[in-house]
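Visitor: Data file protein_7.txt (compact mmCIF, C-alpha atoms) is appended below.
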```txt
# COMPACT_ATOMS: atom_id res chain seq x y z
CA MET V 1 22.90 -27.39 -77.73
CA LYS V 2 20.71 -24.90 -79.41
CA THR V 3 17.88 -23.97 -77.16
CA ILE V 4 14.60 -22.96 -78.62
CA THR V 5 12.21 -21.26 -76.30
CA TYR V 6 8.60 -21.83 -76.93
CA SER V 7 6.09 -19.51 -75.38
CA LEU V 8 3.00 -21.44 -74.67
CA LEU V 9 0.05 -20.00 -72.89
CA LEU V 10 -1.83 -22.66 -71.10
CA SER V 11 -5.25 -22.08 -69.76
CA ILE V 12 -7.30 -24.55 -67.93
CA ALA V 13 -11.04 -24.42 -67.81
CA LEU V 14 -13.37 -26.49 -65.78
CA ILE V 15 -16.51 -27.46 -67.61
CA PHE V 16 -19.35 -27.85 -65.20
CA THR V 17 -21.89 -30.28 -66.56
CA ASN V 18 -24.49 -29.49 -63.95
CA CYS V 19 -25.05 -27.38 -60.90
CA SER V 20 -24.59 -30.05 -58.27
CA PRO V 21 -22.54 -29.21 -55.22
CA ASP V 22 -18.78 -29.41 -55.63
CA ASN V 23 -17.47 -32.36 -53.66
CA GLU V 24 -13.83 -31.67 -54.31
CA GLY V 25 -13.38 -29.71 -51.13
CA THR V 26 -14.88 -27.44 -48.54
CA HIS V 27 -14.34 -23.75 -48.16
CA GLY V 28 -10.68 -23.07 -47.68
CA THR V 29 -9.53 -26.41 -49.10
CA ILE V 30 -6.17 -26.24 -50.80
CA VAL V 31 -6.23 -28.07 -54.11
CA ASP V 32 -3.08 -29.49 -55.59
CA ARG V 33 -2.91 -28.25 -59.16
CA SER V 34 -0.19 -30.72 -60.01
CA GLU V 35 -2.54 -33.56 -59.20
CA GLN V 36 -5.22 -32.04 -61.36
CA LEU V 37 -2.87 -31.63 -64.30
CA THR V 38 -1.65 -35.20 -64.08
CA GLY V 39 -2.91 -37.42 -66.86
CA THR V 40 -2.95 -37.81 -70.61
CA TRP V 41 -4.32 -34.93 -72.66
CA SER V 42 -5.21 -35.25 -76.35
CA ILE V 43 -5.93 -32.48 -78.80
CA GLU V 44 -9.62 -32.22 -79.56
CA THR V 45 -9.77 -29.12 -81.76
CA VAL V 46 -7.34 -26.55 -83.13
CA SER V 47 -8.22 -23.04 -84.23
CA GLN V 48 -5.88 -20.77 -86.13
CA ILE V 49 -6.25 -17.02 -85.63
CA ASP V 50 -4.98 -14.38 -88.03
CA LEU V 51 -3.65 -11.79 -85.59
CA ASP V 52 -3.74 -8.96 -88.11
CA ALA V 53 -7.39 -9.68 -88.94
CA GLU V 54 -8.18 -10.00 -85.25
CA LYS V 55 -6.63 -6.60 -84.54
CA LYS V 56 -8.73 -5.02 -87.25
CA GLY V 57 -11.93 -6.62 -86.08
CA PHE V 58 -12.55 -8.43 -89.38
CA PRO V 59 -15.45 -10.89 -89.61
CA ASP V 60 -15.00 -14.28 -88.00
CA PHE V 61 -14.52 -16.17 -91.27
CA ALA V 62 -11.57 -13.89 -92.03
CA THR V 63 -10.14 -14.15 -88.52
CA ARG V 64 -10.43 -17.74 -87.32
CA VAL V 65 -10.30 -21.15 -89.00
CA ASP V 66 -10.72 -24.64 -87.55
CA ILE V 67 -7.70 -26.54 -88.82
CA THR V 68 -8.07 -29.70 -86.76
CA ASN V 69 -8.22 -31.85 -89.90
CA ALA V 70 -7.08 -29.28 -92.46
CA ILE V 71 -3.94 -31.13 -93.57
CA SER V 72 -4.65 -34.39 -95.32
CA GLY V 73 -3.19 -37.33 -93.39
CA MET V 74 -1.99 -35.10 -90.55
CA PRO V 75 -4.74 -34.80 -87.95
CA PHE V 76 -3.89 -32.64 -84.96
CA THR V 77 -5.78 -35.15 -82.83
CA ASP V 78 -2.75 -37.43 -83.02
CA PHE V 79 -0.97 -35.25 -80.49
CA THR V 80 -1.03 -36.17 -76.82
CA LEU V 81 0.55 -34.57 -73.79
CA GLN V 82 1.28 -36.86 -70.86
CA ILE V 83 1.76 -35.05 -67.57
CA GLY V 84 2.97 -37.06 -64.63
CA ASP V 85 4.28 -36.27 -61.18
CA GLY V 86 7.11 -34.05 -62.27
CA THR V 87 7.44 -35.76 -65.61
CA LEU V 88 6.12 -34.78 -69.00
CA SER V 89 6.14 -36.33 -72.44
CA THR V 90 4.69 -35.52 -75.82
CA THR V 91 3.55 -37.79 -78.63
CA VAL V 92 3.32 -35.98 -81.95
CA GLY V 93 2.20 -38.85 -84.17
CA ASN V 94 1.27 -37.61 -87.64
CA SER V 95 0.02 -34.31 -86.30
CA PRO V 96 1.52 -31.02 -87.52
CA MET V 97 2.54 -30.35 -83.92
CA SER V 98 6.09 -31.24 -84.91
CA TYR V 99 6.29 -27.65 -86.21
CA VAL V 100 5.39 -26.39 -82.74
CA ILE V 101 6.79 -28.73 -80.12
CA SER V 102 9.22 -31.64 -80.07
CA GLU V 103 8.27 -35.20 -79.33
CA GLY V 104 10.06 -36.47 -76.29
CA THR V 105 10.21 -36.55 -72.55
CA GLY V 106 11.25 -34.22 -69.80
CA THR V 107 10.63 -33.10 -66.33
CA TRP V 108 8.62 -30.15 -65.20
CA THR V 109 8.17 -27.91 -62.21
CA TRP V 110 5.88 -25.07 -61.36
CA ASN V 111 7.70 -21.79 -61.55
CA SER V 112 5.47 -20.32 -58.84
CA ASP V 113 3.07 -21.57 -56.15
CA ASP V 114 1.61 -24.96 -56.92
CA THR V 115 -1.49 -24.58 -54.82
CA VAL V 116 -4.55 -22.45 -55.13
CA ASN V 117 -7.34 -21.70 -52.75
CA LEU V 118 -10.63 -22.40 -54.47
CA VAL V 119 -12.67 -20.14 -52.25
CA ASN V 120 -10.48 -17.13 -51.86
CA GLN V 121 -9.47 -17.06 -55.48
CA GLN V 122 -12.87 -17.99 -56.88
CA LEU V 123 -11.65 -21.11 -58.60
CA GLY V 124 -8.25 -19.57 -58.95
CA ILE V 125 -7.00 -17.00 -61.38
CA ASN V 126 -3.25 -16.93 -61.38
CA ALA V 127 -1.77 -15.30 -64.42
CA SER V 128 1.85 -15.52 -63.37
CA SER V 129 2.29 -19.18 -62.55
CA GLY V 130 3.35 -21.83 -64.98
CA ILE V 131 5.41 -24.92 -65.50
CA GLU V 132 8.77 -25.13 -67.14
CA THR V 133 10.28 -28.15 -68.78
CA ILE V 134 12.93 -29.24 -71.23
CA ILE V 135 12.01 -31.65 -73.99
CA ASN V 136 14.87 -32.97 -76.06
CA GLY V 137 16.94 -29.95 -75.18
CA ASN V 138 14.23 -27.44 -75.99
CA THR V 139 13.08 -25.28 -73.14
CA VAL V 140 9.31 -25.22 -73.03
CA LEU V 141 7.42 -22.81 -70.85
CA PHE V 142 3.76 -23.47 -70.26
CA LEU V 143 2.13 -20.41 -68.81
CA ILE V 144 -1.09 -20.83 -66.92
CA LYS V 145 -3.18 -17.95 -68.17
CA THR V 146 -6.28 -18.74 -66.23
CA TYR V 147 -6.84 -21.55 -63.81
CA ALA V 148 -10.31 -22.71 -62.98
CA GLY V 149 -9.62 -26.17 -61.65
CA ILE V 150 -9.96 -29.35 -63.66
CA THR V 151 -11.93 -31.52 -61.32
CA GLY V 152 -15.06 -32.06 -63.42
CA ASP V 153 -15.99 -34.99 -65.60
CA ASN V 154 -15.32 -33.17 -68.86
CA GLN V 155 -11.86 -31.78 -68.27
CA LYS V 156 -10.40 -29.43 -70.87
CA LEU V 157 -7.03 -27.84 -71.20
CA SER V 158 -6.56 -24.84 -73.47
CA LEU V 159 -3.09 -24.24 -74.79
CA ASN V 160 -2.31 -21.16 -76.86
CA TYR V 161 0.73 -20.82 -79.06
CA GLU V 162 1.83 -17.74 -80.94
CA ARG V 163 3.98 -18.07 -84.04
CA LEU V 164 6.65 -15.39 -84.28
CA ASP V 165 8.27 -14.26 -87.51
CA ALA V 166 11.99 -13.65 -87.84
CA SER V 167 11.53 -10.09 -86.54
CA GLY V 168 9.82 -11.37 -83.41
CA ASN V 169 6.36 -10.22 -84.47
CA ALA V 170 3.49 -12.53 -83.53
CA VAL V 171 1.67 -13.30 -86.78
CA THR V 172 -0.56 -16.24 -85.97
CA ARG V 173 -2.08 -17.74 -82.84
CA TYR V 174 -3.05 -21.38 -82.47
CA GLU V 175 -5.60 -22.35 -79.86
CA TYR V 176 -5.49 -26.03 -78.94
CA ILE V 177 -8.25 -27.57 -76.86
CA LEU V 178 -7.08 -30.76 -75.16
CA ALA V 179 -9.34 -33.27 -73.46
CA LYS V 180 -8.24 -35.50 -70.61
CA GLN V 181 -8.27 -39.17 -71.49
CA MET B 1 -44.58 42.26 -80.05
CA LYS B 2 -44.27 38.61 -79.07
CA LYS B 3 -41.90 37.96 -81.99
CA LEU B 4 -39.78 40.90 -80.99
CA LEU B 5 -39.44 39.61 -77.46
CA LEU B 6 -38.45 36.17 -78.67
CA THR B 7 -35.87 37.66 -81.01
CA ILE B 8 -34.39 39.71 -78.19
CA LEU B 9 -34.33 36.68 -75.91
CA PHE B 10 -32.55 34.42 -78.39
CA LEU B 11 -30.27 37.04 -79.91
CA PRO B 12 -27.37 36.34 -77.52
CA THR B 13 -27.61 32.63 -78.33
CA LEU B 14 -27.44 33.32 -82.03
CA LEU B 15 -24.52 35.64 -81.57
CA VAL B 16 -22.38 33.03 -79.76
CA GLN B 17 -23.13 30.16 -82.19
CA ALA B 18 -19.72 28.48 -82.42
CA GLN B 19 -18.16 27.83 -85.82
CA ASN B 20 -16.20 24.59 -85.90
CA PRO B 21 -12.72 24.03 -87.35
CA VAL B 22 -12.58 22.04 -90.58
CA ILE B 23 -10.49 18.86 -90.39
CA THR B 24 -8.67 17.30 -93.32
CA GLY B 25 -6.09 14.54 -93.45
CA ASN B 26 -2.87 13.89 -95.28
CA PRO B 27 -3.42 11.41 -96.81
CA ALA B 28 -7.08 12.28 -97.22
CA SER B 29 -8.17 8.89 -95.86
CA TYR B 30 -6.39 7.12 -93.05
CA THR B 31 -7.04 4.37 -90.55
CA VAL B 32 -6.03 4.30 -86.90
CA ILE B 33 -2.97 2.17 -87.70
CA ASP B 34 -1.57 4.31 -90.50
CA GLU B 35 1.77 5.90 -89.71
CA ASN B 36 3.14 9.32 -90.70
CA ILE B 37 -0.30 10.84 -91.12
CA GLU B 38 -1.13 14.50 -90.62
CA ILE B 39 -4.41 15.84 -89.31
CA LEU B 40 -4.96 19.44 -90.38
CA PHE B 41 -7.26 21.92 -88.67
CA ASN B 42 -8.48 24.94 -90.61
CA VAL B 43 -9.73 27.44 -88.04
CA ALA B 44 -10.60 30.26 -90.48
CA GLY B 45 -13.76 31.75 -89.01
CA ALA B 46 -13.80 29.06 -86.31
CA THR B 47 -14.62 30.04 -82.76
CA ASP B 48 -14.56 28.62 -79.30
CA ARG B 49 -17.86 27.81 -77.63
CA ASP B 50 -18.17 31.41 -76.48
CA GLY B 51 -17.93 32.61 -80.05
CA LYS B 52 -14.39 33.95 -79.84
CA SER B 53 -12.07 33.43 -82.78
CA LEU B 54 -9.44 30.70 -82.64
CA GLU B 55 -7.32 32.28 -85.34
CA GLY B 56 -3.71 32.93 -84.47
CA LYS B 57 -3.96 31.54 -80.95
CA ASP B 58 -1.82 28.84 -79.41
CA LEU B 59 -4.09 25.82 -79.58
CA TYR B 60 -3.95 22.50 -77.76
CA ILE B 61 -5.94 19.39 -78.53
CA TRP B 62 -7.78 17.46 -75.84
CA SER B 63 -8.96 14.24 -77.39
CA PHE B 64 -10.63 11.01 -76.45
CA SER B 65 -11.90 7.84 -78.05
CA ASN B 66 -14.25 5.06 -77.06
CA ALA B 67 -11.13 2.97 -76.37
CA GLY B 68 -9.42 5.50 -74.12
CA ASP B 69 -8.23 9.07 -73.80
CA SER B 70 -5.28 10.51 -75.67
CA LYS B 71 -1.98 9.93 -73.93
CA THR B 72 -1.09 13.58 -74.59
CA ASN B 73 -4.02 14.90 -72.54
CA GLY B 74 -2.50 14.92 -69.08
CA GLU B 75 -4.64 16.79 -66.55
CA TRP B 76 -7.24 19.32 -67.67
CA THR B 77 -5.47 21.99 -65.61
CA ASN B 78 -2.05 20.86 -66.79
CA ILE B 79 -2.30 19.70 -70.39
CA LYS B 80 0.87 18.20 -71.84
CA SER B 81 3.02 20.25 -74.19
CA SER B 82 2.83 17.34 -76.66
CA ALA B 83 -0.85 18.21 -77.12
CA LYS B 84 0.02 21.57 -78.67
CA LEU B 85 -0.94 21.90 -82.32
CA GLU B 86 1.72 23.00 -84.74
CA LYS B 87 0.75 26.40 -86.10
CA LEU B 88 1.34 26.54 -89.85
CA SER B 89 -0.40 29.91 -90.20
CA ASP B 90 -2.98 31.88 -88.27
CA THR B 91 -5.69 29.64 -89.74
CA GLU B 92 -3.88 26.33 -90.37
CA TYR B 93 -2.78 23.99 -87.59
CA ARG B 94 -1.78 20.36 -87.58
CA ILE B 95 -0.93 17.19 -85.70
CA LYS B 96 1.81 15.18 -87.31
CA PHE B 97 2.59 11.56 -86.48
CA PRO B 98 4.72 10.26 -84.91
CA ILE B 99 3.99 12.30 -81.80
CA THR B 100 6.72 12.47 -79.20
CA ASP B 101 5.66 12.77 -75.59
CA GLY B 102 8.70 12.68 -73.35
CA VAL B 103 10.23 9.23 -73.73
CA ASN B 104 7.13 7.89 -75.48
CA THR B 105 6.46 8.01 -79.18
CA TYR B 106 3.04 7.38 -80.69
CA ARG B 107 3.20 6.37 -84.32
CA THR B 108 -0.50 5.95 -84.92
CA LEU B 109 -3.88 7.01 -83.62
CA ALA B 110 -4.26 3.52 -82.16
CA GLU B 111 -1.10 3.98 -80.11
CA LEU B 112 -2.16 7.48 -79.07
CA TYR B 113 -5.34 6.06 -77.54
CA GLY B 114 -3.65 2.96 -76.10
CA ALA B 115 -5.46 0.59 -78.46
CA GLU B 116 -2.54 -0.75 -80.47
CA ALA B 117 -3.40 -4.32 -79.44
CA ALA B 118 -6.95 -4.00 -80.76
CA PRO B 119 -7.14 -1.01 -83.08
CA GLY B 120 -10.38 -2.34 -84.53
CA SER B 121 -12.00 -1.54 -81.21
CA ILE B 122 -11.74 2.20 -81.91
CA THR B 123 -15.05 3.29 -83.36
CA SER B 124 -15.06 6.99 -82.53
CA ILE B 125 -12.57 9.73 -81.76
CA GLY B 126 -13.60 13.04 -80.29
CA TYR B 127 -11.66 16.19 -79.55
CA LEU B 128 -11.84 19.78 -78.56
CA LEU B 129 -9.40 22.61 -79.07
CA ARG B 130 -8.44 24.79 -76.15
CA ASN B 131 -5.68 26.96 -74.81
CA GLN B 132 -3.06 25.73 -72.38
CA ALA B 133 -4.84 27.11 -69.32
CA GLY B 134 -8.16 25.71 -70.39
CA THR B 135 -9.83 29.10 -70.11
CA PHE B 136 -11.43 28.67 -73.50
CA GLN B 137 -12.40 25.60 -75.51
CA THR B 138 -14.40 24.55 -78.48
CA ASN B 139 -17.35 22.22 -78.33
CA ASP B 140 -16.73 18.48 -78.52
CA LEU B 141 -16.01 17.62 -82.14
CA THR B 142 -15.10 14.51 -84.12
CA ILE B 143 -11.91 13.33 -85.79
CA PRO B 144 -12.89 11.25 -88.83
CA PHE B 145 -10.99 8.12 -89.83
CA ALA B 146 -11.50 5.25 -92.24
CA PRO B 147 -12.73 2.01 -90.68
CA PHE B 148 -10.98 -1.26 -91.34
CA LYS B 149 -12.68 -3.05 -94.16
CA PHE B 150 -12.29 -6.66 -95.15
CA ILE B 151 -11.94 -6.70 -98.91
CA GLU B 152 -13.16 -9.90 -100.52
CA LYS B 153 -11.01 -11.36 -103.29
CA GLU B 154 -11.33 -14.17 -105.80
CA VAL B 155 -8.44 -16.10 -104.27
CA ARG B 156 -6.63 -15.54 -101.01
CA THR B 157 -4.79 -17.32 -98.23
CA PHE B 158 -5.52 -17.70 -94.56
CA PRO B 159 -3.82 -16.37 -92.55
CA SER B 160 -2.93 -13.27 -94.54
CA GLN B 161 0.62 -13.41 -93.16
CA ALA B 162 2.22 -16.78 -92.55
CA THR B 163 5.59 -18.32 -91.92
CA THR B 164 6.94 -21.42 -93.64
CA LYS B 165 5.91 -23.51 -90.62
CA ASP B 166 2.29 -22.38 -90.40
CA VAL B 167 -0.80 -24.09 -91.71
CA VAL B 168 -1.72 -22.07 -94.81
CA THR B 169 -5.21 -22.41 -96.22
CA PHE B 170 -5.73 -21.43 -99.87
CA ARG B 171 -9.24 -20.25 -100.71
CA PHE B 172 -11.19 -19.74 -103.92
CA ASN B 173 -14.40 -17.71 -103.87
CA LYS B 174 -16.62 -18.92 -106.69
CA ASN B 175 -19.18 -16.24 -105.85
CA PHE B 176 -16.74 -13.34 -106.18
CA PRO B 177 -18.67 -10.71 -108.18
CA GLU B 178 -15.74 -9.81 -110.43
CA ILE B 179 -14.46 -13.33 -111.01
CA SER B 180 -11.65 -13.33 -113.58
CA ASN B 181 -12.84 -16.41 -115.44
CA PRO B 182 -16.64 -16.87 -115.38
CA ALA B 183 -16.16 -20.43 -116.66
CA MET B 184 -14.93 -21.32 -113.17
CA ILE B 185 -18.44 -20.74 -111.84
CA GLY B 186 -19.60 -23.91 -113.54
CA ALA B 187 -16.82 -26.07 -112.13
CA GLN B 188 -18.12 -28.96 -110.02
CA ASN B 189 -14.73 -30.00 -108.67
CA ILE B 190 -11.90 -27.56 -108.09
CA THR B 191 -8.20 -28.29 -107.65
CA LEU B 192 -5.55 -26.07 -106.08
CA HIS B 193 -2.21 -25.66 -107.88
CA ILE B 194 0.75 -24.36 -105.83
CA GLU B 195 4.27 -23.86 -107.06
CA PRO B 196 7.33 -22.32 -105.44
CA GLU B 197 8.55 -19.27 -107.31
CA VAL B 198 12.07 -20.71 -107.37
CA ASP B 199 11.19 -24.08 -108.90
CA ALA B 200 7.94 -24.66 -110.78
CA LEU B 201 8.84 -28.34 -111.16
CA LEU B 202 8.02 -28.82 -107.49
CA ALA B 203 4.40 -27.77 -108.02
CA ILE B 204 1.74 -29.67 -106.11
CA GLU B 205 -1.96 -30.03 -106.76
CA ILE B 206 -4.60 -30.70 -104.11
CA GLU B 207 -8.32 -31.32 -104.46
CA THR B 208 -10.25 -28.66 -102.59
CA ARG B 209 -13.32 -29.05 -100.42
CA PHE B 210 -16.21 -26.61 -100.16
CA ASN B 211 -16.75 -25.18 -96.68
CA GLY B 212 -20.03 -23.46 -97.51
CA GLN B 213 -18.29 -20.25 -98.51
CA TYR B 214 -14.98 -21.12 -100.12
CA TYR B 215 -13.30 -23.97 -101.97
CA GLU B 216 -10.17 -24.49 -99.93
CA ALA B 217 -7.19 -26.70 -99.25
CA ALA B 218 -4.36 -26.35 -96.75
CA ILE B 219 -0.67 -27.17 -96.56
CA ILE B 220 2.27 -26.55 -94.28
CA PRO B 221 4.86 -25.12 -96.71
CA ALA B 222 7.81 -26.53 -94.76
CA GLN B 223 6.29 -29.99 -95.09
CA SER B 224 5.05 -29.75 -98.68
CA PHE B 225 8.30 -28.21 -99.94
CA GLN B 226 10.71 -29.69 -97.43
CA GLY B 227 13.71 -29.60 -99.77
CA LEU B 228 13.44 -25.85 -100.24
CA PHE B 229 12.69 -25.38 -96.55
CA ASP B 230 15.80 -27.33 -95.55
CA ALA B 231 17.85 -25.34 -98.05
CA GLY B 232 16.49 -22.06 -96.67
CA THR B 233 15.10 -21.02 -100.07
CA LEU B 234 11.40 -21.42 -99.41
CA SER B 235 9.84 -17.99 -99.76
CA THR B 236 7.22 -17.16 -102.39
CA LEU B 237 4.46 -19.51 -103.48
CA LYS B 238 2.36 -18.86 -106.58
CA TYR B 239 -1.07 -20.45 -106.69
CA HIS B 240 -4.27 -20.70 -108.67
CA PHE B 241 -7.30 -22.95 -108.85
CA PHE B 242 -8.62 -24.88 -111.83
CA ASP B 243 -11.59 -26.96 -112.89
CA THR B 244 -10.58 -30.52 -112.05
CA ASP B 245 -12.55 -31.82 -115.01
CA ASN B 246 -11.12 -29.24 -117.42
CA PRO B 247 -7.73 -27.97 -116.24
CA THR B 248 -7.62 -25.28 -118.92
CA ILE B 249 -10.30 -23.41 -116.97
CA GLN B 250 -8.38 -21.55 -114.29
CA SER B 251 -8.82 -18.82 -111.71
CA THR B 252 -6.62 -15.79 -111.39
CA GLU B 253 -3.12 -16.44 -110.02
CA GLU B 254 -1.85 -14.94 -106.78
CA GLU B 255 1.21 -15.39 -104.62
CA ILE B 256 2.01 -15.46 -100.93
CA VAL B 257 5.35 -14.38 -99.53
CA LEU B 258 6.18 -16.59 -96.57
CA ARG B 259 8.06 -15.29 -93.57
CA GLN B 260 10.73 -17.19 -91.72
CA ALA B 261 9.55 -18.52 -88.38
CA ALA B 262 11.44 -17.60 -85.21
CA ASN B 263 9.84 -20.35 -83.14
```
Would you encode the structure as structure tokens?
Guide:
Amino acid sequence: MKTITYSLLLSIALIFTNCSPDNEGTHGTIVDRSEQLTGTWSIETVSQIDLDAEKKGFPDFATRVDITNAISGMPFTDFTLQIGDGTLSTTVGNSPMSYVISEGTGTWTWNSDDTVNLVNQQLGINASSGIETIINGNTVLFLIKTYAGITGDNQKLSLNYERLDASGNAVTRYEYILAKQ
Amino acid sequence: MKKLLLTILFLPTLLVQAQNPVITGNPASYTVIDENIEILFNVAGATDRDGKSLEGKDLYIWSFSNAGDSKTNGEWTNIKSSAKLEKLSDTEYRIKFPITDGVNTYRTLAELYGAEAAPGSITSIGYLLRNQAGTFQTNDLTIPFAPFKFIEKEVRTFPSQATTKDVVTFRFNKNFPEISNPAMIGAQNITLHIEPEVDALLAIEIETRFNGQYYEAAIIPAQSFQGLFDAGTLSTLKYHFFDTDNPTIQSTEEEIVLRQAAN
């Protein structure tokens, strides 16, 4: 079976809505990232970045476009990512995500440590960890670019995808912001 | 008497006033991502900062940018051989890209200063000429280069380079100063016409929306022209815009060559 490898950079940001004390743990508490990732995530917005324009420092209107509802009848917001305890599934709906990721189910595992110390790592920056899964025969690698915990009320997941041309050159980057349902 | 004293005091300063090399490029204008460029140094009459002539000497370049130092610098007391200028004559020297430095090759100024991922971040490049030992040097001087410039057009796509599987937004700029058909300025509703170069019968037309700057509409080529995509013949799309209420009033026509996606 032909295996397509997707490179997906996944970053997780915690949105603090106020400055109240964090009740999720005391100093030194080990937080289970898997637990924090578990849930249903829906696309909220999608930005498309012209990598050539970005390199050249062109103005924003020539570098980045919000394409969340750019294609008539194909809203990106149709896409959801369901992450369970070792399981993962995607629902593409009418979204254009079918040109990025398959709809289906799979299992996933962290490919490095699945815990992070909130105190020692200042809400955790771990550029090398990630989760790996296979959906409908396609190997999908989600790389955690930055990890800031997702314990707030307004949880966001940022997933970056770079489109490669036939020569392997990255030509376009898509930045998906997903909200936890 | 006072004037005489001042003249005597400042005479040594005047005598060692350094003359700077004159830099030209081949091509005359280049950006930091242009390959195969040459930077020429004319040192006729040029001096180091002590006023000594540079002509005929073995010269090395020590250069630096706001994004980082040249990868051919090495240590001040041990400058790399790759920093040596090629002597064309006693007064003409040059740097020619690509520059080979051991196993590394730098094709562009951006690569030379380690800014290939964000060449737009380079805003200034400085240099000095010196000998290998560093016992003489010029003052700090500047290497000129052309900045990146976004050139507005009447019609264009976003992104500038796209694969068949990308979202491609087609844009019409009604306020473009040199608009090809001034009648388009009066259009109240504007439609996008797209046709594959290989089969005009498959043309599609989409009503645009105004985003405050452009009239635009987007497609995913692989979805809009699925038959050609499945057949592997989806490549070039020609497009123009027209007045929805009077289709004979049209913009200029452009085309986008789509790349094949690897993922």
Visitor: Determine which residues of chain V sit within 6 Å of chain B, taking into account all atoms listed in the file, and present them as a list of chain:residue names.
Guide: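 Residues satisfying the distance criterion: V:Asp50, V:Lys55, V:Lys56, V:Gly57, V:Ala70, V:Ile71, V:Leu164, V:Asp165, V:Ala166.
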Visitor: Atom CA of V:Arg64 to atom CA of V:Gln48: how many Å, to one decimal?
Guide: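 The value is 5.6 Å.
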Visitor: Please indicate the distance in Å from atom CA of B:Glu38 to atom CA of B:Phe145, rounded to one decimal place.
Guide: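 The value is 11.8 Å.
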Visitor: Which residue is closest to V:Arg173? Choose from V:Ser47, V:Ser89, V:Asn69, V:Ser102 and count all atoms listed in the file.
Guide: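 Nearest candidate to V:Arg173 out of V:Ser47, V:Ser89, V:Asn69, V:Ser102: V:Ser47.
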Visitor: Please, what is the axis-aligned box for every listed atom of stretch 237-249 of chain B with 4 Å on each side, as centre and edge lengths in Å to one decimal, as AutoDock Vina command-line options?
Guide:
```
--center_x -4.0 --center_y -25.3 --center_z -111.2 --size_x 25.0 --size_y 21.0 --size_z 23.4
```
Visitor: Between atom CA of B:Gly212 and atom CA of B:Ile190, what is the distance in Å, rounded to a tenth?
Guide: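 About the pair atom CA of B:Gly212 and atom CA of B:Ile190: they are 14.0 Å apart.
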Visitor: Fewer than 3 positions away in the same chain doesn't count, so skip those; otherwise give me all residues within 7 Å of V:Ile83, counting only C-alpha atoms, as a PyMOL selection string.
Guide: chain V and resi 37-40+87-89
Visitor: Please provide the set of residues having any atom within 9 Å of V:Gly93, restricted to all atoms listed in the file, with same-chain residues fewer than 3 positions apart removed, written as a list in words.
Guide: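 My reading of the contact set: Met74, Pro75, Phe76, Thr77, Asp78, Phe79, Thr80, Pro96, Met97, Ser98 and Glu103 of chain V.
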Visitor: Compare B:Tyr214, B:Phe41, B:Tyr113, B:Phe170 by their minimum atom-to-atom distance to B:Glu86, counting all atoms listed in the file, and give me the closest one.
Guide: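 Residue with the minimum atom-to-atom distance to B:Glu86: B:Phe41.
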Visitor: Need to verify the contact set: B:Phe241, 10 Å, only C-alpha atoms, exclusion of same-chain residues closer than 6 positions in sequence. Can you return it as a PyMOL selection string?
Guide: chain B and resi 155+170-172+184+190-194+205-208+215-216+247+249-254
Visitor: Select, counting all atoms listed in the file, all protein, DNA and RNA residues no farther than 12 Å from (-16.7, 28.3, -76.8) in file coordinates, and express the selection as a VMD selection string.
Guide: chain B and resid 13 15 to 20 46 to 54 128 to 131 134 to 141
Visitor: Output C-alpha atoms for every residue in that selection, as a short mmCIF file (atom, residue, chain, number, x, y, z; two decimals), in the coordinates of the input.
Guide:
```cif
data_model
loop_
_atom_site.label_atom_id
_atom_site.label_comp_id
_atom_site.auth_asym_id
_atom_site.auth_seq_id
_atom_site.Cartn_x
_atom_site.Cartn_y
_atom_site.Cartn_z
CA THR B 13 -27.61 32.63 -78.33
CA LEU B 15 -24.52 35.64 -81.57
CA VAL B 16 -22.38 33.03 -79.76
CA GLN B 17 -23.13 30.16 -82.19
CA ALA B 18 -19.72 28.48 -82.42
CA GLN B 19 -18.16 27.83 -85.82
CA ASN B 20 -16.20 24.59 -85.90
CA ALA B 46 -13.80 29.06 -86.31
CA THR B 47 -14.62 30.04 -82.76
CA ASP B 48 -14.56 28.62 -79.30
CA ARG B 49 -17.86 27.81 -77.63
CA ASP B 50 -18.17 31.41 -76.48
CA GLY B 51 -17.93 32.61 -80.05
CA LYS B 52 -14.39 33.95 -79.84
CA SER B 53 -12.07 33.43 -82.78
CA LEU B 54 -9.44 30.70 -82.64
CA LEU B 128 -11.84 19.78 -78.56
CA LEU B 129 -9.40 22.61 -79.07
CA ARG B 130 -8.44 24.79 -76.15
CA ASN B 131 -5.68 26.96 -74.81
CA GLY B 134 -8.16 25.71 -70.39
CA THR B 135 -9.83 29.10 -70.11
CA PHE B 136 -11.43 28.67 -73.50
CA GLN B 137 -12.40 25.60 -75.51
CA THR B 138 -14.40 24.55 -78.48
CA ASN B 139 -17.35 22.22 -78.33
CA ASP B 140 -16.73 18.48 -78.52
CA LEU B 141 -16.01 17.62 -82.14
#
```
Visitor: Taking 4 positions as the minimum chain separation for residues in the same chain, which residues sit within 6 Å of V:Thr172 when counting only C-alpha atoms? Answer as a count of residues only.
Guide: 5
